[in-house]
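**Student:** This is protein-v4.txt (compact mmCIF, C-alpha atoms).
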```
# COMPACT_ATOMS: atom_id res chain seq x y z
CA MET A 18 49.65 38.28 -3.96
CA ASP A 19 53.26 39.00 -3.07
CA SER A 20 53.41 39.94 0.61
CA ASP A 21 55.88 42.72 -0.24
CA ALA A 22 53.01 44.50 -1.99
CA LEU A 23 50.95 44.61 1.20
CA HIS A 24 51.14 47.13 3.99
CA LEU A 25 51.10 44.42 6.67
CA ASP A 26 50.14 46.81 9.46
CA ASP A 27 46.63 46.63 8.04
CA PHE A 28 46.52 42.83 8.43
CA VAL A 29 46.34 40.13 11.06
CA ARG A 30 48.59 37.24 10.02
CA ALA A 31 47.30 33.76 10.87
CA THR A 32 49.42 30.67 10.30
CA TYR A 33 47.73 27.28 9.94
CA SER A 34 48.91 23.73 9.36
CA VAL A 35 46.61 22.27 6.72
CA ALA A 36 46.17 18.69 5.50
CA VAL A 37 44.68 18.62 2.00
CA PRO A 38 43.37 15.53 0.18
CA ALA A 39 45.68 13.83 -2.28
CA GLY A 40 45.64 15.53 -5.67
CA ILE A 41 44.33 18.85 -4.32
CA ASP A 42 46.51 21.93 -4.67
CA THR A 43 47.37 23.42 -1.26
CA ARG A 44 47.29 26.98 -2.58
CA ARG A 45 43.76 26.48 -3.84
CA SER A 46 42.75 25.30 -0.38
CA ALA A 47 44.46 28.34 1.13
CA VAL A 48 42.52 30.67 -1.16
CA GLN A 49 39.32 28.91 -0.17
CA MET A 50 40.22 29.40 3.52
CA LEU A 51 40.71 33.09 2.83
CA ARG A 52 37.35 33.35 1.07
CA ILE A 53 35.65 31.73 4.05
CA LEU A 54 37.34 34.01 6.57
CA THR A 55 36.81 37.32 4.80
CA LEU A 56 34.05 37.01 2.17
CA ARG A 57 31.73 34.39 3.63
CA THR A 58 29.10 36.93 4.72
CA GLN A 59 29.68 39.33 1.82
CA ARG A 60 29.31 37.17 -1.29
CA GLU A 61 26.69 39.32 -2.99
CA VAL A 62 28.50 42.60 -2.38
CA PHE A 63 31.83 41.48 -3.77
CA ALA A 64 30.88 38.70 -6.18
CA ALA A 65 31.06 40.93 -9.26
CA ARG A 66 34.10 42.99 -8.20
CA PRO A 67 37.83 42.34 -8.42
CA LEU A 68 39.01 40.94 -5.10
CA ASP A 69 40.65 43.85 -3.34
CA PRO A 70 43.29 42.65 -0.85
CA ALA A 71 42.19 45.43 1.52
CA VAL A 72 38.94 43.50 1.91
CA PHE A 73 39.77 39.98 0.78
CA GLY A 74 43.25 39.68 2.27
CA ALA A 75 46.01 37.56 0.76
CA VAL A 76 47.77 34.22 0.93
CA ILE A 77 51.33 35.20 1.83
CA HIS A 78 52.93 31.79 2.37
CA VAL A 79 52.29 28.18 1.37
CA GLY A 80 54.66 25.47 2.54
CA THR A 81 55.59 22.38 0.57
CA SER A 82 55.71 19.63 3.22
CA ALA A 83 53.07 16.89 3.27
CA PRO A 84 50.64 15.72 4.45
CA TRP A 85 50.55 18.87 6.63
CA SER A 86 51.51 22.13 4.90
CA GLU A 87 51.98 25.48 6.58
CA VAL A 88 49.80 28.30 5.25
CA THR A 89 49.93 31.95 6.34
CA LEU A 90 47.03 34.24 5.57
CA ALA A 91 46.89 38.03 5.83
CA LEU A 92 43.46 39.03 7.14
CA PRO A 93 42.36 42.67 6.93
CA VAL A 94 41.86 44.24 10.36
CA ILE A 95 38.43 45.44 9.21
CA HIS A 96 37.19 41.89 9.83
CA THR A 97 38.30 41.84 13.48
CA GLU A 98 38.46 45.33 14.92
CA PRO A 99 40.19 45.69 18.32
CA SER A 100 37.01 47.17 19.78
CA GLU A 101 35.33 43.79 19.21
CA GLY A 102 37.70 42.10 21.65
CA LEU A 103 40.09 39.18 21.53
CA SER A 104 37.23 36.67 21.76
CA HIS A 105 35.96 37.91 18.41
CA LEU A 106 39.47 37.59 16.97
CA LEU A 107 39.67 33.96 18.11
CA GLN A 108 36.18 33.32 16.75
CA LEU A 109 37.22 34.61 13.34
CA LEU A 110 40.45 32.59 13.25
CA THR A 111 38.70 29.34 14.19
CA SER A 112 35.51 29.81 12.16
CA ILE A 113 36.91 27.98 9.14
CA VAL A 114 36.61 24.56 10.82
CA GLU A 115 33.01 24.26 9.63
CA TYR A 116 33.97 23.95 5.94
CA ASN A 117 35.38 21.29 3.61
CA TYR A 118 38.51 22.82 2.12
CA ALA A 119 40.92 20.32 3.70
CA ASP A 120 41.12 17.10 5.72
CA GLY A 121 42.58 18.89 8.73
CA VAL A 122 43.50 22.33 10.04
CA TRP A 123 45.55 23.44 13.04
CA LEU A 124 45.73 27.11 14.08
CA GLN A 125 49.47 27.39 14.64
CA ARG A 126 50.08 31.04 15.52
CA VAL A 127 48.75 34.57 15.16
CA ASP A 128 50.68 37.83 14.66
CA LEU A 129 48.97 41.15 15.25
CA PRO A 130 49.82 44.46 13.56
CA GLN A 131 50.53 47.72 15.40
CA ARG A 132 47.14 48.99 14.29
CA TYR A 133 45.64 46.27 16.50
CA LEU A 134 48.27 46.19 19.25
CA GLN A 135 47.98 49.92 19.99
CA HIS A 136 44.64 49.11 21.65
CA ILE A 137 46.14 46.28 23.75
CA HIS A 138 47.57 46.92 27.22
CA GLY A 139 48.50 43.38 28.22
CA PRO A 140 49.42 42.47 31.81
CA GLY A 141 49.11 45.12 34.48
CA LEU A 142 51.96 43.61 36.49
CA GLY A 143 53.66 40.99 34.36
CA VAL A 144 57.01 39.53 35.35
CA PRO A 145 58.68 42.79 36.43
CA GLY A 146 55.68 44.10 38.37
CA LEU A 147 55.04 40.90 40.32
CA ARG A 148 58.73 40.38 41.10
CA ASN A 149 58.93 43.94 42.38
CA GLN A 150 55.78 43.50 44.47
CA LEU A 151 57.06 40.28 46.10
CA ASP A 152 60.72 41.40 46.20
CA VAL A 153 61.91 38.21 44.49
CA ARG A 154 64.43 39.14 41.80
CA GLN A 155 65.49 35.97 39.99
CA ARG A 156 64.29 32.61 41.26
CA PRO A 157 60.96 31.03 40.33
CA LEU A 158 58.07 31.87 42.66
CA LEU A 159 56.65 29.30 45.06
CA ALA A 160 52.88 29.15 45.59
CA LEU A 161 51.00 26.84 47.96
CA GLN A 162 47.67 25.56 46.68
CA VAL A 163 44.50 26.00 48.74
CA GLY A 164 41.98 23.18 48.52
CA PRO A 165 40.79 20.83 47.10
CA ARG A 166 37.07 21.28 47.73
CA TYR A 167 36.68 18.61 50.42
CA GLN A 168 39.35 20.09 52.74
CA GLN A 169 38.47 21.85 55.97
CA LEU A 170 39.98 25.33 55.96
CA GLY A 171 40.42 25.73 59.71
CA GLU A 172 42.69 22.73 60.15
CA LEU A 173 45.14 24.02 57.53
CA LEU A 174 45.51 27.71 58.43
CA ASP A 175 48.52 27.13 60.69
CA SER A 176 50.27 25.14 57.96
CA TYR A 177 49.54 27.84 55.36
CA LEU A 178 50.99 30.50 57.66
CA GLU A 179 54.05 28.40 58.42
CA ALA A 180 54.75 27.93 54.71
CA LEU A 181 54.41 31.66 53.97
CA VAL A 182 56.61 32.68 56.87
CA SER A 183 59.20 30.08 55.80
CA GLY A 184 59.54 31.50 52.29
CA ALA A 185 56.54 30.62 50.12
CA ASP A 186 55.47 33.66 48.14
CA MET A 187 51.72 33.21 47.86
CA LEU A 188 48.63 31.10 48.36
CA VAL A 189 46.67 30.16 45.25
CA ASP A 190 43.37 28.35 45.00
CA ASP A 191 43.14 24.94 43.40
CA LEU A 192 41.93 25.48 39.82
CA LEU A 193 38.64 23.67 40.48
CA LEU A 194 37.96 25.13 43.91
CA GLY A 195 35.27 27.51 42.68
CA ASP A 196 32.69 28.41 45.31
CA PRO A 197 31.64 25.21 47.12
CA PRO A 198 29.38 25.17 50.18
CA GLY A 199 30.99 25.01 53.60
CA GLU A 200 34.29 26.26 54.97
CA LEU A 201 35.86 26.74 51.54
CA SER A 202 33.06 28.87 50.10
CA LEU A 203 34.25 32.15 48.64
CA THR A 204 32.66 34.19 51.43
CA ASN A 205 34.41 32.08 54.08
CA ARG A 206 37.88 31.59 52.62
CA VAL A 207 38.57 35.00 51.06
CA PRO A 208 38.57 37.13 54.24
CA GLU A 209 40.32 34.38 56.21
CA LEU A 210 43.15 33.84 53.73
CA ALA A 211 43.56 37.53 52.91
CA ARG A 212 44.06 38.21 56.62
CA LEU A 213 46.48 35.31 56.90
CA CYS A 214 48.62 36.67 54.06
CA GLU A 215 48.60 40.11 55.64
CA ARG A 216 49.78 38.57 58.90
CA ALA A 217 52.57 36.68 57.10
CA SER A 218 53.58 39.92 55.37
CA GLN A 219 53.88 41.68 58.72
CA ILE A 220 55.94 38.84 60.23
CA THR A 221 58.37 38.55 57.31
CA GLY A 222 58.48 42.15 56.13
CA LYS A 223 57.83 40.86 52.58
CA LYS A 224 54.62 40.96 50.59
CA LYS A 225 52.62 37.72 50.60
CA LEU A 226 49.46 37.44 48.56
CA TYR A 227 46.45 35.20 48.08
CA ALA A 228 45.00 34.58 44.60
CA THR A 229 41.43 33.30 44.62
CA CYS A 230 39.75 31.19 41.94
CA LEU A 231 36.75 32.90 40.36
CA ALA A 232 33.86 30.97 38.82
CA GLY A 233 30.53 31.90 37.30
CA SER A 234 29.32 34.06 34.43
CA PRO A 235 31.53 36.97 33.29
CA ARG A 236 29.27 39.37 35.21
CA GLN A 237 29.49 37.24 38.36
CA ILE A 238 33.26 36.92 38.02
CA LEU A 239 33.70 40.67 37.84
CA HIS A 240 31.41 41.19 40.85
CA LYS A 241 33.27 38.56 42.90
CA ALA A 242 36.60 40.11 41.93
CA GLU A 243 35.50 43.55 43.12
CA TRP A 244 34.24 42.11 46.41
CA SER A 245 37.44 40.07 46.91
CA ALA A 246 39.69 43.04 46.11
CA ASP A 247 37.97 45.12 48.79
CA LEU A 248 38.83 42.39 51.32
CA GLY A 249 42.52 42.44 50.45
CA VAL A 250 42.88 39.60 47.96
CA GLY A 251 46.11 39.91 45.98
CA GLY A 252 45.13 38.11 42.81
CA PHE A 253 42.55 36.25 40.76
CA ILE A 254 42.54 32.98 38.84
CA VAL A 255 40.24 32.74 35.83
CA ASN A 256 39.92 30.24 33.00
CA ALA A 257 40.50 32.07 29.72
CA PHE A 258 39.47 28.96 27.78
CA THR A 259 36.13 28.09 29.39
CA HIS A 260 35.14 31.51 30.78
CA GLY A 261 36.44 33.27 27.68
CA LEU A 262 39.05 35.85 26.86
CA GLY A 263 36.40 38.52 27.41
CA ALA A 264 36.19 37.66 31.12
CA LEU A 265 39.98 38.03 31.32
CA GLU A 266 39.84 41.38 29.53
CA ASP A 267 37.13 42.59 31.93
CA LEU A 268 39.30 41.75 34.96
CA SER A 269 42.33 43.45 33.46
CA GLN A 270 40.51 46.58 32.36
CA ALA A 271 38.76 46.96 35.74
CA GLY A 272 42.05 48.30 37.10
CA PHE A 273 42.20 46.33 40.36
CA GLY A 274 46.01 46.28 40.25
CA LYS A 275 45.98 42.61 41.29
CA LEU A 276 47.77 39.55 39.96
CA ILE A 277 45.76 37.81 37.24
CA ILE A 278 46.49 34.14 36.58
CA ALA A 279 44.93 32.58 33.48
CA THR A 280 44.45 28.85 33.54
CA ASN A 281 44.02 26.89 30.32
CA MET A 282 42.35 23.88 31.96
CA GLY A 283 40.21 22.15 29.34
CA SER A 284 42.10 23.54 26.36
CA GLY A 285 43.84 20.19 25.94
CA MET A 286 40.67 19.00 24.21
CA VAL A 287 41.58 21.26 21.28
CA SER A 288 45.27 22.02 21.77
CA ARG A 289 47.00 18.62 22.05
CA PRO A 290 48.64 17.76 18.72
CA ALA A 291 48.72 14.17 17.58
CA THR A 292 51.88 12.11 17.76
CA PRO A 293 53.88 11.65 14.53
CA THR A 294 52.45 8.13 14.13
CA SER A 295 48.84 9.21 14.50
CA ALA A 296 46.43 9.29 11.61
CA ILE A 297 45.44 12.64 10.14
CA SER A 298 41.95 12.16 11.55
CA ASP A 299 43.45 12.25 15.07
CA ARG A 300 44.39 15.88 14.51
CA ARG A 301 41.56 17.06 12.32
CA VAL A 302 41.15 20.45 13.98
CA GLY A 303 42.80 22.27 16.86
CA ILE A 304 44.43 25.37 18.32
CA ASP A 305 48.07 25.41 19.31
CA GLU A 306 48.85 26.17 22.96
CA GLN A 307 50.91 29.17 21.91
CA VAL A 308 47.82 30.89 20.48
CA ILE A 309 45.88 30.46 23.73
CA SER A 310 48.89 31.60 25.78
CA LYS A 311 49.59 34.64 23.62
CA LEU A 312 45.98 35.82 23.59
CA SER A 313 45.76 35.28 27.37
CA ARG A 314 48.83 37.50 27.84
CA LEU A 315 47.41 40.18 25.54
CA ALA A 316 44.09 39.99 27.39
CA GLY A 317 45.88 40.94 30.61
CA ALA A 318 47.14 37.75 32.29
CA ASP A 319 50.24 38.29 34.45
CA ALA A 320 50.79 34.52 34.59
CA VAL A 321 49.55 31.77 32.30
CA HIS A 322 49.30 28.00 32.69
CA THR A 323 51.30 26.74 29.71
CA GLY A 324 51.81 23.14 30.82
CA THR A 325 53.77 21.15 33.36
CA THR A 326 56.57 18.63 32.98
CA GLY A 327 56.73 15.54 35.17
CA ALA A 328 53.35 15.83 36.90
CA GLU A 329 49.95 14.43 35.96
CA CYS A 330 49.77 16.60 32.84
CA PHE A 331 50.68 15.43 29.36
CA ASP A 332 54.42 15.56 28.79
CA VAL A 333 54.49 17.44 25.50
CA SER A 334 56.73 20.24 24.33
CA TRP A 335 55.58 23.58 25.76
CA GLY A 336 58.38 25.59 24.12
CA ASP A 337 56.30 27.77 21.80
CA ALA A 338 53.65 28.44 24.46
CA ASN A 339 56.37 29.52 26.90
CA ARG A 340 58.23 31.72 24.44
CA THR A 341 55.10 33.61 23.47
CA LEU A 342 54.78 34.78 27.09
CA ALA A 343 58.27 36.30 27.04
CA GLN A 344 58.82 37.40 23.44
CA PRO A 345 59.18 41.18 23.00
CA ILE A 346 55.93 42.81 21.87
CA SER A 347 56.14 46.56 21.40
CA THR A 348 53.31 48.97 20.77
CA ARG A 349 53.26 52.69 20.21
CA GLN A 350 52.51 53.04 23.93
CA GLY A 351 55.54 50.95 24.94
CA ARG A 352 56.46 47.31 25.48
CA ILE A 353 53.88 44.78 26.68
CA PRO A 354 55.24 43.13 29.86
CA ALA A 355 56.20 39.47 29.80
CA SER A 356 54.00 37.03 31.75
CA PHE A 357 55.00 34.25 34.12
CA CYS A 358 54.57 30.60 33.16
CA VAL A 359 52.69 28.54 35.75
CA ALA A 360 53.62 24.94 36.55
CA GLU A 361 51.03 23.12 38.62
CA GLY A 362 49.99 19.63 39.57
CA ASP A 363 51.28 17.38 42.30
CA LEU A 364 54.79 18.78 41.79
CA GLN A 365 57.56 17.52 44.02
CA MET A 366 61.10 18.81 44.49
CA MET A 367 62.36 16.38 41.85
CA ASN A 368 60.10 18.10 39.30
CA ALA A 369 61.65 21.51 39.91
CA TRP A 370 64.61 21.25 37.56
CA PRO A 371 62.81 19.75 34.51
CA ASN A 372 60.25 22.56 34.69
CA ILE A 373 62.84 25.30 35.15
CA ARG A 374 64.76 23.82 32.23
CA GLU A 375 61.66 23.82 30.01
CA LEU A 376 59.79 26.89 31.28
CA GLY A 377 62.63 29.13 32.51
CA PRO A 378 63.08 30.95 35.81
CA ASP A 379 60.06 33.22 35.26
CA THR A 380 57.77 30.44 36.46
CA ILE A 381 55.32 30.15 39.34
CA PHE A 382 55.42 26.70 40.94
CA GLU A 383 52.04 25.78 42.42
CA VAL A 384 52.57 22.90 44.87
CA ARG A 385 50.69 21.19 47.66
CA SER A 386 51.83 17.81 48.97
CA ALA A 387 55.48 18.81 48.51
CA LEU A 388 54.95 21.16 51.48
CA LEU A 389 51.94 19.72 53.30
CA GLY A 390 52.35 15.99 52.65
CA SER A 391 53.22 13.42 55.28
CA GLY A 392 56.83 12.86 56.28
CA ARG A 393 59.30 13.45 59.03
CA ARG A 394 60.09 17.03 58.09
CA SER A 395 57.95 19.99 59.09
CA VAL A 396 56.21 22.38 56.72
CA ARG A 397 58.86 24.92 57.67
CA ASP A 398 61.77 22.64 56.70
CA LYS A 399 60.12 21.50 53.45
CA THR A 400 59.39 25.07 52.40
CA LYS A 401 62.88 26.31 53.17
CA ARG A 402 64.42 23.40 51.28
CA PHE A 403 62.16 23.98 48.26
CA ILE A 404 63.10 27.68 48.19
CA GLU A 405 66.80 26.80 48.50
CA LEU A 406 66.47 24.41 45.58
CA LEU A 407 64.72 27.01 43.40
CA GLU A 408 67.40 29.59 44.19
CA ARG A 409 70.27 27.23 43.39
CA LEU A 410 68.68 25.85 40.20
CA THR A 411 68.14 29.34 38.80
CA ALA A 412 71.84 29.50 37.85
CA VAL A 413 72.06 25.91 36.54
CA GLY A 414 72.76 25.27 32.86
CA ASP A 415 72.31 21.52 32.33
CA ASN A 416 71.22 18.23 33.90
CA ARG A 417 74.68 17.50 35.25
CA GLU A 418 74.85 20.77 37.18
CA ALA A 419 71.28 20.29 38.37
CA LEU A 420 72.17 16.86 39.76
CA GLN A 421 75.03 18.39 41.75
CA VAL A 422 72.62 20.96 43.22
CA TYR A 423 70.15 18.24 44.20
CA ARG A 424 72.86 16.22 45.91
CA ARG A 425 73.93 19.24 47.98
CA VAL A 426 70.36 20.10 48.95
CA ALA A 427 69.53 16.43 49.71
CA GLN A 428 72.22 16.13 52.39
CA GLY A 429 70.44 15.29 55.62
CA ASP A 430 67.09 14.85 53.85
CA GLU A 431 66.29 11.14 53.61
CA GLU A 432 63.06 11.71 51.67
CA LEU A 433 64.70 13.81 48.96
CA GLN A 434 67.67 11.45 48.79
CA ARG A 435 65.28 8.53 48.31
CA ASP A 436 63.52 10.38 45.49
CA LEU A 437 66.88 11.22 43.95
CA ASP A 438 68.01 7.59 44.04
CA SER A 439 64.80 6.37 42.40
CA THR A 440 64.80 8.95 39.57
CA ASP A 441 65.95 7.90 36.10
CA LEU A 442 68.29 10.80 35.45
CA ASN A 443 68.78 9.76 31.82
CA ALA A 444 65.10 10.47 31.22
CA TRP A 445 64.95 13.48 33.52
```
Turn this file's structure into structure tokens for me.
**Tutor:**
Amino acid sequence: MDSDALHLDDFVRATYSVAVPAGIDTRRSAVQMLRILTLRTQREVFAARPLDPAVFGAVIHVGTSAPWSEVTLALPVIHTEPSEGLSHLLQLLTSIVEYNYADGVWLQRVDLPQRYLQHIHGPGLGVPGLRNQLDVRQRPLLALQVGPRYQQLGELLDSYLEALVSGADMLVDDLLLGDPPGELSLTNRVPELARLCERASQITGKKKLYATCLAGSPRQILHKAEWSADLGVGGFIVNAFTHGLGALEDLSQAGFGKLIIATNMGSGMVSRPATPTSAISDRRVGIDEQVISKLSRLAGADAVHTGTTGAECFDVSWGDANRTLAQPISTRQGRIPASFCVAEGDLQMMNAWPNIRELGPDTIFEVRSALLGSGRRSVRDKTKRFIELLERLTAVGDNREALQVYRRVAQGDEELQRDLDSTDLNAW
């Protein structure tokens, strides 16, 4: 059906990349995908009737490239009502992987109509709210990681405080910290670190916050969040991929007024596209990072892990996943706030510019050894230098200007100068 004949506000639009066997018409495969998504459980009811687009949906675009062709389907909202939650939406969009209509399928993007979006509130803080709370107007935010699990909390408290007082904006738990036994258990670290951030706030006159990693069932996560909020925690970290979008929605809708960071750890198993030289079988099924990022933002995440350049993570293009956190999304209630990107890993000062270049200034840098690692300089000096670098790089436009900034900041810093000298700037 011609898409101009549809009232698209009644439809969710899902775009897939599809690899069909040689000799098979791509449009026929697209129609089969549509049948699976919308009529699979209703064959008897609609078998003898003309296929009404209001129930069946429509194929509104079929690309011509091969072996992967882009297909966009219009799916009636009746099949994924907002009251069923974003997890149900994702379940519907990915349910077609069980069937033999193609050799491969990749969920590329999803676009929601106003009829759906009017029930979505998105981030409670987002970029503007968190910047206002921390009184940081333009530069990326600097967060110091707490953990990993084997660390002793007591021996690091002075260093954490020194970093916060010297300019770091927040403490954030390592993504896998969870709730281990010992000093770093949730019951031990939450009150200690919440008090430490409050003390740093009083010393500096600027808000400092601690975001704690939540683990467990959705019910346990919500209970731990409520308990942590009462003790003064400023934010939560939850995995929207493994814990589910529903857990993220629960946190957002609970109205704690706290920062919510959504990690995507584990999503690489289904969201890493194959290289151009890979066989089709290497990319048989998957979900693009931008889908996970967009749904995490809509579920209420103020900041989302989209990927990191130059650390241990895969160096792939994160462009679409980043843009979906900032793209304007308006509803009848107003505009959904943009979310921060999060760059994490063993990031050093030399990684700052490539990530700002790729992710933009609305990024939270989660670092550890860059501030706490061995070296001649103190935590105070390292933190101040990192903040200076982030401030200067915010106004930089290209690699050449970034190099000039690094050279200015590196004066008197032998460690940074050594890193600068050993960096291949042509591959930066």
**Student:** Determine the nearest neighbour of Ala39 in chain A from the options A:Ser112, A:Met367, A:Val250, A:Ala119, counting all atoms listed in the file.
**Tutor:**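 Checking each candidate against Ala39 in chain A, we get A:Ala119 as the closest.
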**Student:** CA of Val144 in chain A to CA of Asn339 in chain A: how many Å, to one decimal?
**Tutor:**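 Atom-to-atom, CA of Val144 in chain A and CA of Asn339 in chain A are spaced 13.1 Å apart.
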**Student:** May I ask which of the residues A:Arg45, A:Gly233, A:Ile404, A:Leu142 is the closest one to Ala355 in chain A, counting all atoms listed in the file?
**Tutor:**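 So, comparing all the options, the nearest one is A:Leu142.
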**Student:** Would you mind listing what lies within 10 Å of Arg154 in chain A as a PyMOL selection string, with all atoms listed in the file counted and same-chain residues fewer than 5 positions away left out?
**Tutor:** chain A and resi 144-145+147-149+379
**Student:** Using all atoms listed in the file, can you tell me which of A:Leu23, A:Ile353, A:Leu265, A:Val122 comes closest to Val37 in chain A?
**Tutor:**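 Nearest to Val37 in chain A: A:Val122.
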**Student:** Record the distance separating CA of Trp123 in chain A and CA of Arg52 in chain A, expressed in Å with one decimal.
**Tutor:**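 Separation between CA of Trp123 in chain A and CA of Arg52 in chain A: 17.6 Å.
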**Student:** Using only C-alpha atoms, which protein or nucleic acid residues come within 10 Å of Pro84 in chain A? Drop anything in the same chain fewer than 3 positions from it, and give the result as a list in words.
**Tutor:**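 Here the qualifying residues turn out to be Ser34, Val35, Ala36, Val37, Pro38, Ala39, Thr81, Asp120, Gly121 and Ile297 of chain A.
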**Student:** Which of these residues is nearest to Val189 in chain A, using all atoms listed in the file: A:Glu432, A:Glu383, A:Asp415, A:Glu361?
**Tutor:**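 Between A:Glu432, A:Glu383, A:Asp415, A:Glu361, the residue approaching Val189 in chain A most closely is A:Glu383.
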**Student:** Name the closest residue to Ala83 in chain A among the candidates A:Leu420, A:Leu158, A:Ala271, A:Ile41; distances are taken between atoms, counting all atoms listed in the file.
**Tutor:**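 For Ala83 in chain A, the nearest of the given residues is A:Ile41.
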**Student:** So, counting all atoms listed in the file, which residue among A:Leu103, A:Ala279, A:Val72, A:Leu92 is closest to Thr259 in chain A?
**Tutor:**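 The shortest atom-to-atom distance to Thr259 in chain A comes from A:Ala279.
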**Student:** So what do you get for CA of Cys358 in chain A versus CA of Thr341 in chain A, distance-wise?
**Tutor:**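 Distance reported for this atom pair: 10.2 Å.
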**Student:** Skipping near chain neighbours, those fewer than 6 positions away, what residues fall within 10 Å of Gln169 in chain A using only C-alpha atoms, listed as a list in words?
**Tutor:**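 Once the adjacent positions are removed, what remains is Gly199, Glu200 and Leu201 of chain A.
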**Student:** What's around Val114 in chain A at 12 Å? Count all atoms listed in the file, leave out sequence neighbours fewer than 3 positions away in its own chain, and write the answer as a ChimeraX atom specification.
**Tutor:** /A:33,35,50,53-54,108-111,117-124,301-304
**Student:** Keeping only C-alpha atoms, write the selected residues as an mmCIF file, in the coordinates of the input.
**Tutor:**
```cif
data_model
loop_
_atom_site.group_PDB
_atom_site.id
_atom_site.type_symbol
_atom_site.label_atom_id
_atom_site.label_comp_id
_atom_site.auth_asym_id
_atom_site.auth_seq_id
_atom_site.Cartn_x
_atom_site.Cartn_y
_atom_site.Cartn_z
ATOM 1 C CA TYR A 33 47.730 27.280 9.940
ATOM 2 C CA VAL A 35 46.610 22.270 6.720
ATOM 3 C CA MET A 50 40.220 29.400 3.520
ATOM 4 C CA ILE A 53 35.650 31.730 4.050
ATOM 5 C CA LEU A 54 37.340 34.010 6.570
ATOM 6 C CA GLN A 108 36.180 33.320 16.750
ATOM 7 C CA LEU A 109 37.220 34.610 13.340
ATOM 8 C CA LEU A 110 40.450 32.590 13.250
ATOM 9 C CA THR A 111 38.700 29.340 14.190
ATOM 10 C CA ASN A 117 35.380 21.290 3.610
ATOM 11 C CA TYR A 118 38.510 22.820 2.120
ATOM 12 C CA ALA A 119 40.920 20.320 3.700
ATOM 13 C CA ASP A 120 41.120 17.100 5.720
ATOM 14 C CA GLY A 121 42.580 18.890 8.730
ATOM 15 C CA VAL A 122 43.500 22.330 10.040
ATOM 16 C CA TRP A 123 45.550 23.440 13.040
ATOM 17 C CA LEU A 124 45.730 27.110 14.080
ATOM 18 C CA ARG A 301 41.560 17.060 12.320
ATOM 19 C CA VAL A 302 41.150 20.450 13.980
ATOM 20 C CA GLY A 303 42.800 22.270 16.860
ATOM 21 C CA ILE A 304 44.430 25.370 18.320
#
```
